[in-house]
file start_11.pdb (PDB, C-alpha atoms)
ATOM      1  CA  MET A 286     -28.225 155.135 -13.474
ATOM      2  CA  THR A 287     -31.647 155.723 -11.989
ATOM      3  CA  GLN A 288     -34.858 154.352 -13.467
ATOM      4  CA  GLN A 289     -35.894 157.921 -14.264
ATOM      5  CA  GLU A 290     -32.659 158.559 -16.200
ATOM      6  CA  LYS A 291     -33.107 155.303 -18.106
ATOM      7  CA  LYS A 292     -36.697 156.276 -18.960
ATOM      8  CA  ILE A 293     -35.564 159.698 -20.179
ATOM      9  CA  LEU A 294     -32.826 158.166 -22.312
ATOM     10  CA  ARG A 295     -35.248 155.681 -23.867
ATOM     11  CA  PHE A 296     -37.574 158.537 -24.810
ATOM     12  CA  ALA A 297     -34.619 160.632 -25.999
ATOM     13  CA  ALA A 298     -33.711 157.779 -28.343
ATOM     14  CA  TYR A 299     -37.250 157.876 -29.772
ATOM     15  CA  GLU A 300     -37.024 161.650 -30.161
ATOM     16  CA  ILE A 301     -33.702 161.320 -31.987
ATOM     17  CA  ARG A 302     -35.104 158.622 -34.257
ATOM     18  CA  GLU A 303     -38.082 160.794 -35.177
ATOM     19  CA  LYS A 304     -36.611 164.313 -35.179
ATOM     20  CA  GLY A 305     -32.859 163.884 -35.154
ATOM     21  CA  LEU A 306     -31.034 166.244 -32.835
ATOM     22  CA  SER A 307     -33.578 168.983 -33.465
ATOM     23  CA  PHE A 308     -35.815 167.640 -30.691
ATOM     24  CA  THR A 309     -36.247 170.018 -27.778
ATOM     25  CA  MET A 310     -36.050 169.418 -24.059
ATOM     26  CA  SER A 311     -39.738 170.352 -24.024
ATOM     27  CA  ASP A 312     -40.442 167.558 -26.555
ATOM     28  CA  LEU A 313     -38.500 165.150 -24.378
ATOM     29  CA  SER A 314     -40.193 166.128 -21.127
ATOM     30  CA  THR A 315     -43.619 165.764 -22.749
ATOM     31  CA  ARG A 316     -42.788 162.342 -24.181
ATOM     32  CA  ALA A 317     -41.281 161.195 -20.877
ATOM     33  CA  GLY A 318     -44.293 162.483 -18.942
ATOM     34  CA  ILE A 319     -42.220 164.673 -16.637
ATOM     35  CA  SER A 320     -41.975 168.407 -16.123
ATOM     36  CA  LYS A 321     -39.262 170.413 -17.843
ATOM     37  CA  LYS A 322     -38.068 171.393 -14.383
ATOM     38  CA  THR A 323     -37.559 167.736 -13.434
ATOM     39  CA  LEU A 324     -35.804 167.067 -16.741
ATOM     40  CA  TYR A 325     -33.444 170.002 -16.219
ATOM     41  CA  GLU A 326     -32.702 168.826 -12.681
ATOM     42  CA  ILE A 327     -31.478 165.536 -14.139
ATOM     43  CA  PHE A 328     -29.864 166.844 -17.341
ATOM     44  CA  ARG A 329     -28.691 170.468 -17.541
ATOM     45  CA  LYS A 330     -28.923 170.593 -21.335
ATOM     46  CA  LYS A 331     -29.732 168.496 -24.372
ATOM     47  CA  GLU A 332     -26.073 167.825 -25.069
ATOM     48  CA  ASP A 333     -25.860 166.117 -21.648
ATOM     49  CA  VAL A 334     -28.778 163.866 -22.588
ATOM     50  CA  VAL A 335     -27.109 162.898 -25.860
ATOM     51  CA  MET A 336     -23.742 162.318 -24.167
ATOM     52  CA  LYS A 337     -25.356 160.096 -21.530
ATOM     53  CA  LEU A 338     -27.192 158.178 -24.271
ATOM     54  CA  ILE A 339     -23.857 157.551 -26.026
ATOM     55  CA  ILE A 340     -22.122 156.483 -22.815
ATOM     56  CA  GLU A 341     -24.975 154.174 -21.793
ATOM     57  CA  SER A 342     -25.081 152.677 -25.286
ATOM     58  CA  HIS A 343     -21.369 151.976 -25.046
ATOM     59  CA  GLY A 344     -21.944 150.393 -21.629
ATOM     60  CA  SER A 345     -24.604 148.104 -23.064
ATOM     61  CA  ILE A 346     -22.193 147.069 -25.823
ATOM     62  CA  ARG A 347     -19.501 146.264 -23.252
ATOM     63  CA  GLU A 348     -21.916 144.187 -21.157
ATOM     64  CA  GLN A 349     -22.945 142.119 -24.170
ATOM     65  CA  GLN A 350     -19.331 141.736 -25.275
ATOM     66  CA  ASN A 351     -18.233 140.540 -21.824
ATOM     67  CA  ILE A 352     -20.826 137.773 -21.970
ATOM     68  CA  LEU A 353     -19.435 136.719 -25.353
ATOM     69  CA  TYR A 354     -15.817 136.805 -24.137
ATOM     70  CA  ASP A 355     -16.772 134.345 -21.389
ATOM     71  CA  ASP A 356     -18.833 132.017 -23.601
ATOM     72  CA  HIS A 357     -16.743 128.854 -23.818
ATOM     73  CA  SER A 358     -19.082 127.253 -26.355
ATOM     74  CA  LEU A 359     -17.823 129.632 -29.081
ATOM     75  CA  THR A 360     -14.562 129.482 -31.008
ATOM     76  CA  ALA A 361     -12.274 132.498 -30.933
ATOM     77  CA  VAL A 362     -13.350 133.442 -34.478
ATOM     78  CA  GLU A 363     -17.051 133.157 -33.586
ATOM     79  CA  LYS A 364     -16.460 135.356 -30.544
ATOM     80  CA  ILE A 365     -14.630 137.965 -32.611
ATOM     81  CA  LYS A 366     -17.443 138.084 -35.161
ATOM     82  CA  ARG A 367     -20.147 138.416 -32.514
ATOM     83  CA  ILE A 368     -18.231 140.902 -30.380
ATOM     84  CA  LEU A 369     -17.703 143.218 -33.338
ATOM     85  CA  THR A 370     -21.377 143.081 -34.329
ATOM     86  CA  VAL A 371     -22.941 143.839 -30.939
ATOM     87  CA  VAL A 372     -25.388 146.723 -31.166
ATOM     88  CA  PRO A 373     -26.162 149.155 -28.355
ATOM     89  CA  GLU A 374     -29.393 149.119 -26.398
ATOM     90  CA  PHE A 375     -30.558 152.349 -28.038
ATOM     91  CA  HIS A 376     -29.307 151.503 -31.551
ATOM     92  CA  PHE A 377     -32.643 152.413 -33.111
ATOM     93  CA  ALA A 378     -31.840 156.093 -32.463
ATOM     94  CA  PHE A 379     -28.645 156.057 -34.495
ATOM     95  CA  ASN A 380     -29.608 156.396 -38.128
ATOM     96  CA  TYR A 381     -27.378 157.628 -40.938
ATOM     97  CA  THR A 382     -27.966 161.301 -40.191
ATOM     98  CA  PHE A 383     -27.216 161.009 -36.484
ATOM     99  CA  LEU A 384     -23.423 161.276 -36.621
ATOM    100  CA  ILE A 385     -23.552 163.985 -39.268
ATOM    101  CA  GLU A 386     -25.792 166.059 -37.008
ATOM    102  CA  LEU A 387     -23.789 165.145 -33.944
ATOM    103  CA  LYS A 388     -20.534 166.266 -35.552
ATOM    104  CA  LYS A 389     -22.086 169.648 -36.411
ATOM    105  CA  LYS A 390     -24.085 170.340 -33.243
ATOM    106  CA  TYR A 391     -22.084 168.572 -30.532
ATOM    107  CA  PRO A 392     -18.497 167.971 -31.661
ATOM    108  CA  ALA A 393     -17.419 166.931 -28.146
ATOM    109  CA  VAL A 394     -20.033 164.168 -28.119
ATOM    110  CA  TYR A 395     -19.032 163.133 -31.650
ATOM    111  CA  ASN A 396     -15.416 162.885 -30.519
ATOM    112  CA  LYS A 397     -16.553 160.773 -27.554
ATOM    113  CA  VAL A 398     -18.254 158.323 -29.933
ATOM    114  CA  ASN A 399     -15.043 158.004 -31.918
ATOM    115  CA  GLU A 400     -12.988 157.617 -28.727
ATOM    116  CA  LEU A 401     -15.281 154.922 -27.301
ATOM    117  CA  LEU A 402     -15.195 152.990 -30.557
ATOM    118  CA  LYS A 403     -11.397 152.857 -30.457
ATOM    119  CA  PHE A 404     -11.203 152.127 -26.735
ATOM    120  CA  ASP A 405     -10.472 148.807 -25.014
ATOM    121  CA  TRP A 406      -9.529 146.371 -27.753
ATOM    122  CA  ASP A 407      -7.198 144.310 -25.538
ATOM    123  CA  ARG A 408      -9.538 141.337 -25.084
ATOM    124  CA  THR A 409     -10.443 141.321 -28.766
ATOM    125  CA  PHE A 410      -6.736 141.325 -29.640
ATOM    126  CA  GLU A 411      -6.273 138.403 -27.202
ATOM    127  CA  LEU A 412      -8.998 136.503 -29.072
ATOM    128  CA  MET A 413      -7.289 137.291 -32.356
ATOM    129  CA  ASN A 414      -4.013 135.940 -30.943
ATOM    130  CA  GLU A 415      -5.829 132.816 -29.730
ATOM    131  CA  ALA A 416      -7.338 132.277 -33.193
ATOM    132  CA  LEU A 417      -3.941 132.875 -34.764
ATOM    133  CA  ASN A 418      -2.277 130.343 -32.451
ATOM    134  CA  LYS A 419      -4.998 127.801 -33.296
ATOM    135  CA  LYS A 420      -4.406 128.486 -36.993
ATOM    136  CA  GLN A 421      -7.993 129.688 -37.454
ATOM    137  CA  ILE A 422      -6.800 132.954 -38.983
ATOM    138  CA  LYS A 423      -3.656 134.117 -40.724
ATOM    139  CA  ARG A 424      -1.258 136.726 -39.393
ATOM    140  CA  PHE A 425      -2.421 140.313 -39.969
ATOM    141  CA  ASN A 426      -1.891 143.753 -38.501
ATOM    142  CA  LYS A 427      -4.400 144.016 -35.625
ATOM    143  CA  ILE A 428      -3.968 147.779 -35.234
ATOM    144  CA  LEU A 429      -4.766 148.274 -38.909
ATOM    145  CA  PHE A 430      -7.768 145.943 -38.559
ATOM    146  CA  LYS A 431      -9.029 148.032 -35.624
ATOM    147  CA  GLU A 432      -8.591 151.276 -37.563
ATOM    148  CA  MET A 433     -10.380 149.825 -40.593
ATOM    149  CA  TYR A 434     -13.252 148.637 -38.399
ATOM    150  CA  CYS A 435     -13.598 151.941 -36.533
ATOM    151  CA  SER A 436     -13.339 154.020 -39.700
ATOM    152  CA  THR A 437     -15.906 151.861 -41.459
ATOM    153  CA  ILE A 438     -18.365 152.086 -38.563
ATOM    154  CA  MET A 439     -17.987 155.861 -38.402
ATOM    155  CA  SER A 440     -18.328 156.236 -42.181
ATOM    156  CA  VAL A 441     -21.461 154.085 -42.297
ATOM    157  CA  HIS A 442     -23.054 156.616 -39.975
ATOM    158  CA  ASP A 443     -21.642 159.590 -41.872
ATOM    159  CA  MET A 444     -23.334 158.661 -45.123
ATOM    160  CA  LYS A 445     -26.759 157.442 -45.995
ATOM    161  CA  LEU A 446     -25.458 154.013 -46.927
ATOM    162  CA  LEU A 447     -27.904 152.200 -44.659
ATOM    163  CA  SER A 448     -30.816 153.905 -46.331
ATOM    164  CA  ASP A 449     -29.425 153.348 -49.831
ATOM    165  CA  LEU A 450     -28.746 149.671 -49.156
ATOM    166  CA  ASN A 451     -32.066 149.212 -47.390
ATOM    167  CA  MET A 452     -30.238 147.474 -44.534
ATOM    168  CA  THR A 453     -30.641 147.773 -40.796
ATOM    169  CA  TYR A 454     -27.711 148.809 -38.641
ATOM    170  CA  GLU A 455     -27.410 145.219 -37.360
ATOM    171  CA  GLN A 456     -27.385 143.813 -40.901
ATOM    172  CA  THR A 457     -24.749 146.340 -41.941
ATOM    173  CA  LEU A 458     -22.492 145.477 -38.992
ATOM    174  CA  THR A 459     -22.805 141.787 -39.734
ATOM    175  CA  GLU A 460     -21.977 142.322 -43.403
ATOM    176  CA  ILE A 461     -18.957 144.501 -42.559
ATOM    177  CA  ILE A 462     -17.569 141.921 -40.152
ATOM    178  CA  ASP A 463     -18.255 139.040 -42.548
ATOM    179  CA  ILE A 464     -16.247 140.870 -45.208
ATOM    180  CA  MET A 465     -13.420 141.735 -42.810
ATOM    181  CA  ILE A 466     -13.191 138.345 -41.089
ATOM    182  CA  GLU A 467     -13.640 136.172 -44.146
ATOM    183  CA  GLY A 468     -10.765 138.135 -45.629
ATOM    184  CA  ILE A 469      -8.455 136.921 -42.851
ATOM    185  CA  LEU A 470      -9.574 133.307 -42.437
ATOM    186  CA  LEU A 471      -7.249 130.570 -43.659
TER     187      LEU A 471
END

call {"tool": "encode", "arguments": {"input": "start_11.pdb", "output": "C-alpha coordinates"}}
result
Amino acid sequence: MTQQEKKILRFAAYEIREKGLSFTMSDLSTRAGISKKTLYEIFRKKEDVVMKLIIESHGSIREQQNILYDDHSLTAVEKIKRILTVVPEFHFAFNYTFLIELKKKYPAVYNKVNELLKFDWDRTFELMNEALNKKQIKRFNKILFKEMYCSTIMSVHDMKLLSDLNMTYEQTLTEIIDIMIEGILL
(Lines of atoms letter the chains of each structure in order from A and count residues from 1; the text may use other names and numbers.)
(Lines give C-alpha, C1' and ligand atoms only; values in the text may rest on other atoms or scores of the structure.)
Protein backbone atom coordinates (compact mmCIF):
# COMPACT_ATOMS: atom_id res chain seq x y z
CA MET A 1 0.00 0.00 0.00
CA THR A 2 1.32 3.42 -0.92
CA GLN A 3 1.71 6.27 1.55
CA GLN A 4 -1.03 8.13 -0.33
CA GLU A 5 -3.45 5.19 0.05
CA LYS A 6 -2.63 4.93 3.75
CA LYS A 7 -3.25 8.68 4.16
CA ILE A 8 -6.59 8.40 2.36
CA LEU A 9 -7.64 5.45 4.50
CA ARG A 10 -6.72 7.28 7.71
CA PHE A 11 -8.87 10.24 6.64
CA ALA A 12 -11.64 7.88 5.50
CA ALA A 13 -11.66 6.42 9.01
CA TYR A 14 -12.14 9.92 10.43
CA GLU A 15 -14.93 10.59 7.95
CA ILE A 16 -16.65 7.34 8.93
CA ARG A 17 -16.30 8.15 12.62
CA GLU A 18 -17.86 11.58 12.13
CA LYS A 19 -20.43 10.96 9.38
CA GLY A 20 -20.81 7.21 9.11
CA LEU A 21 -20.98 5.91 5.57
CA SER A 22 -22.78 9.04 4.40
CA PHE A 23 -19.46 10.81 3.82
CA THR A 24 -18.81 11.69 0.20
CA MET A 25 -15.72 11.24 -1.92
CA SER A 26 -15.64 15.05 -2.07
CA ASP A 27 -15.54 15.16 1.76
CA LEU A 28 -12.72 12.65 1.73
CA SER A 29 -10.67 14.42 -0.93
CA THR A 30 -11.01 17.72 0.94
CA ARG A 31 -9.96 16.16 4.25
CA ALA A 32 -7.06 14.33 2.61
CA GLY A 33 -5.94 17.50 0.82
CA ILE A 34 -6.06 15.91 -2.63
CA SER A 35 -8.17 16.52 -5.70
CA LYS A 36 -11.23 14.40 -6.38
CA LYS A 37 -9.55 13.36 -9.61
CA THR A 38 -6.55 11.99 -7.70
CA LEU A 39 -8.85 10.23 -5.24
CA TYR A 40 -10.82 8.60 -8.05
CA GLU A 41 -7.58 7.49 -9.72
CA ILE A 42 -6.72 5.59 -6.55
CA PHE A 43 -10.21 4.42 -5.55
CA ARG A 44 -12.95 4.13 -8.20
CA LYS A 45 -15.77 4.50 -5.68
CA LYS A 46 -16.48 4.90 -1.99
CA GLU A 47 -17.21 1.21 -1.58
CA ASP A 48 -13.62 0.50 -2.70
CA VAL A 49 -12.31 2.84 -0.01
CA VAL A 50 -14.38 1.10 2.66
CA MET A 51 -13.36 -2.36 1.42
CA LYS A 52 -9.68 -1.39 1.47
CA LEU A 53 -10.10 0.04 4.98
CA ILE A 54 -11.58 -3.29 6.13
CA ILE A 55 -8.83 -5.33 4.46
CA GLU A 56 -6.06 -3.12 5.85
CA SER A 57 -7.62 -3.25 9.32
CA HIS A 58 -7.65 -7.03 9.10
CA GLY A 59 -4.00 -6.95 8.01
CA SER A 60 -3.08 -4.84 11.03
CA ILE A 61 -4.86 -7.34 13.28
CA ARG A 62 -2.93 -10.22 11.72
CA GLU A 63 0.40 -8.42 12.15
CA GLN A 64 -0.27 -7.80 15.83
CA GLN A 65 -1.48 -11.37 16.32
CA ASN A 66 1.64 -12.82 14.68
CA ILE A 67 3.81 -10.94 17.15
CA LEU A 68 1.77 -12.43 20.00
CA TYR A 69 1.96 -15.96 18.57
CA ASP A 70 5.76 -15.69 18.62
CA ASP A 71 6.03 -14.15 22.10
CA HIS A 72 7.57 -16.91 24.21
CA SER A 73 7.18 -14.93 27.43
CA LEU A 74 3.39 -15.51 27.39
CA THR A 75 1.49 -18.66 28.32
CA ALA A 76 -0.84 -20.19 25.76
CA VAL A 77 -3.87 -18.81 27.64
CA GLU A 78 -2.36 -15.31 27.79
CA LYS A 79 -1.68 -15.47 24.06
CA ILE A 80 -5.23 -16.58 23.31
CA LYS A 81 -6.68 -13.74 25.38
CA ARG A 82 -4.47 -11.12 23.74
CA ILE A 83 -4.87 -12.47 20.22
CA LEU A 84 -8.66 -12.36 20.49
CA THR A 85 -8.63 -8.79 21.80
CA VAL A 86 -6.36 -7.20 19.19
CA VAL A 87 -7.98 -4.14 17.63
CA PRO A 88 -7.37 -2.92 14.09
CA GLU A 89 -5.33 0.15 13.27
CA PHE A 90 -8.44 2.09 12.23
CA HIS A 91 -10.69 0.78 15.04
CA PHE A 92 -11.83 4.29 15.94
CA ALA A 93 -13.91 4.34 12.74
CA PHE A 94 -15.95 1.29 13.66
CA ASN A 95 -18.67 2.41 16.03
CA TYR A 96 -21.94 0.62 16.72
CA THR A 97 -23.69 2.02 13.66
CA PHE A 98 -20.91 1.10 11.24
CA LEU A 99 -21.87 -2.52 10.58
CA ILE A 100 -25.56 -1.68 10.44
CA GLU A 101 -24.86 0.90 7.75
CA LEU A 102 -22.38 -1.35 6.03
CA LYS A 103 -24.87 -4.21 5.83
CA LYS A 104 -27.44 -1.89 4.21
CA LYS A 105 -25.21 0.11 1.86
CA TYR A 106 -22.42 -2.33 1.00
CA PRO A 107 -23.50 -5.92 1.66
CA ALA A 108 -20.43 -7.32 -0.14
CA VAL A 109 -18.14 -5.42 2.22
CA TYR A 110 -20.23 -6.52 5.21
CA ASN A 111 -19.88 -10.13 4.09
CA LYS A 112 -16.12 -9.60 3.76
CA VAL A 113 -15.96 -8.44 7.39
CA ASN A 114 -17.78 -11.57 8.49
CA GLU A 115 -15.55 -13.76 6.30
CA LEU A 116 -12.33 -12.20 7.61
CA LEU A 117 -13.47 -12.63 11.20
CA LYS A 118 -13.99 -16.35 10.66
CA PHE A 119 -10.81 -16.83 8.63
CA ASP A 120 -7.51 -18.36 9.74
CA TRP A 121 -8.09 -19.75 13.21
CA ASP A 122 -5.53 -22.57 12.84
CA ARG A 123 -2.83 -20.99 15.02
CA THR A 124 -5.36 -20.00 17.67
CA PHE A 125 -6.67 -23.58 17.70
CA GLU A 126 -3.05 -24.78 18.08
CA LEU A 127 -2.69 -22.51 21.12
CA MET A 128 -5.92 -23.89 22.53
CA ASN A 129 -4.59 -27.43 22.06
CA GLU A 130 -1.32 -26.42 23.75
CA ALA A 131 -3.24 -24.97 26.71
CA LEU A 132 -5.40 -28.09 26.84
CA ASN A 133 -2.34 -30.36 26.85
CA LYS A 134 -0.80 -28.28 29.65
CA LYS A 135 -4.07 -28.58 31.58
CA GLN A 136 -4.55 -24.80 31.56
CA ILE A 137 -8.03 -25.15 30.07
CA LYS A 138 -10.63 -27.89 29.95
CA ARG A 139 -11.80 -29.66 26.81
CA PHE A 140 -14.36 -27.68 24.80
CA ASN A 141 -15.63 -27.45 21.25
CA LYS A 142 -13.25 -25.04 19.48
CA ILE A 143 -15.50 -24.60 16.45
CA LEU A 144 -18.38 -23.59 18.70
CA PHE A 145 -16.06 -21.22 20.59
CA LYS A 146 -15.04 -19.61 17.28
CA GLU A 147 -18.67 -19.22 16.20
CA MET A 148 -19.62 -17.72 19.57
CA TYR A 149 -16.72 -15.27 19.36
CA CYS A 150 -17.45 -14.23 15.77
CA SER A 151 -21.19 -13.90 16.38
CA THR A 152 -20.60 -11.85 19.51
CA ILE A 153 -18.18 -9.50 17.75
CA MET A 154 -20.61 -9.00 14.87
CA SER A 155 -23.56 -8.46 17.22
CA VAL A 156 -21.68 -5.91 19.31
CA HIS A 157 -21.34 -3.85 16.15
CA ASP A 158 -24.94 -4.48 15.09
CA MET A 159 -26.41 -2.94 18.21
CA LYS A 160 -25.64 0.13 20.19
CA LEU A 161 -24.31 -1.89 23.10
CA LEU A 162 -21.02 -0.01 23.23
CA SER A 163 -22.84 3.27 23.57
CA ASP A 164 -25.29 1.90 26.14
CA LEU A 165 -22.51 0.37 28.22
CA ASN A 166 -20.32 3.44 27.85
CA MET A 167 -17.41 1.17 26.89
CA THR A 168 -14.79 1.51 24.20
CA TYR A 169 -14.41 -1.17 21.55
CA GLU A 170 -11.18 -2.33 23.22
CA GLN A 171 -12.86 -2.57 26.63
CA THR A 172 -15.75 -4.51 25.13
CA LEU A 173 -13.42 -7.00 23.41
CA THR A 174 -11.50 -7.53 26.61
CA GLU A 175 -14.69 -8.09 28.60
CA ILE A 176 -16.04 -10.55 26.01
CA ILE A 177 -12.83 -12.57 26.02
CA ASP A 178 -12.58 -12.50 29.82
CA ILE A 179 -16.09 -13.94 30.01
CA MET A 180 -15.40 -16.57 27.34
CA ILE A 181 -11.96 -17.63 28.58
CA GLU A 182 -12.70 -17.60 32.28
CA GLY A 183 -15.59 -19.89 31.45
CA ILE A 184 -13.17 -22.51 30.09
CA LEU A 185 -10.30 -22.27 32.58
CA LEU A 186 -9.82 -25.12 35.03

call {"tool": "resolve_selection", "arguments": {"input": "start_11.pdb", "expression": "the PyMOL selection byres ((chain A and resi 383-392) around 12)", "output": "number ranges by chain"}}
result
A: 298, 300-308, 330-336, 339, 376-382, 393-399, 438-445

call {"tool": "atom_distance", "arguments": {"input": "start_11.pdb", "atom1": "atom CA of Ala361 of chain A", "atom2": "atom CA of Ala416 of chain A"}}
result
5.4 Å

call {"tool": "resolve_selection", "arguments": {"input": "start_11.pdb", "expression": "the PyMOL selection byres ((chain A and resi 463) around 12)", "output": "PyMOL selection string"}}
result
chain A and resi 362-363+365-367+369-370+434+456-462+464-470

call {"tool": "resolve_selection", "arguments": {"input": "start_11.pdb", "expression": "the PyMOL selection byres ((chain A and resi 347) around 12)", "output": "PyMOL selection string"}}
result
chain A and resi 340-346+348-354+368-374+401-402+404-406+408-409

call {"tool": "closest_residue", "arguments": {"input": "start_11.pdb", "among": "A:Glu400, A:Asp312, A:Thr360, A:Leu338", "to": "Met413 of chain A", "atoms": "only C-alpha atoms"}}
result
A:Thr360
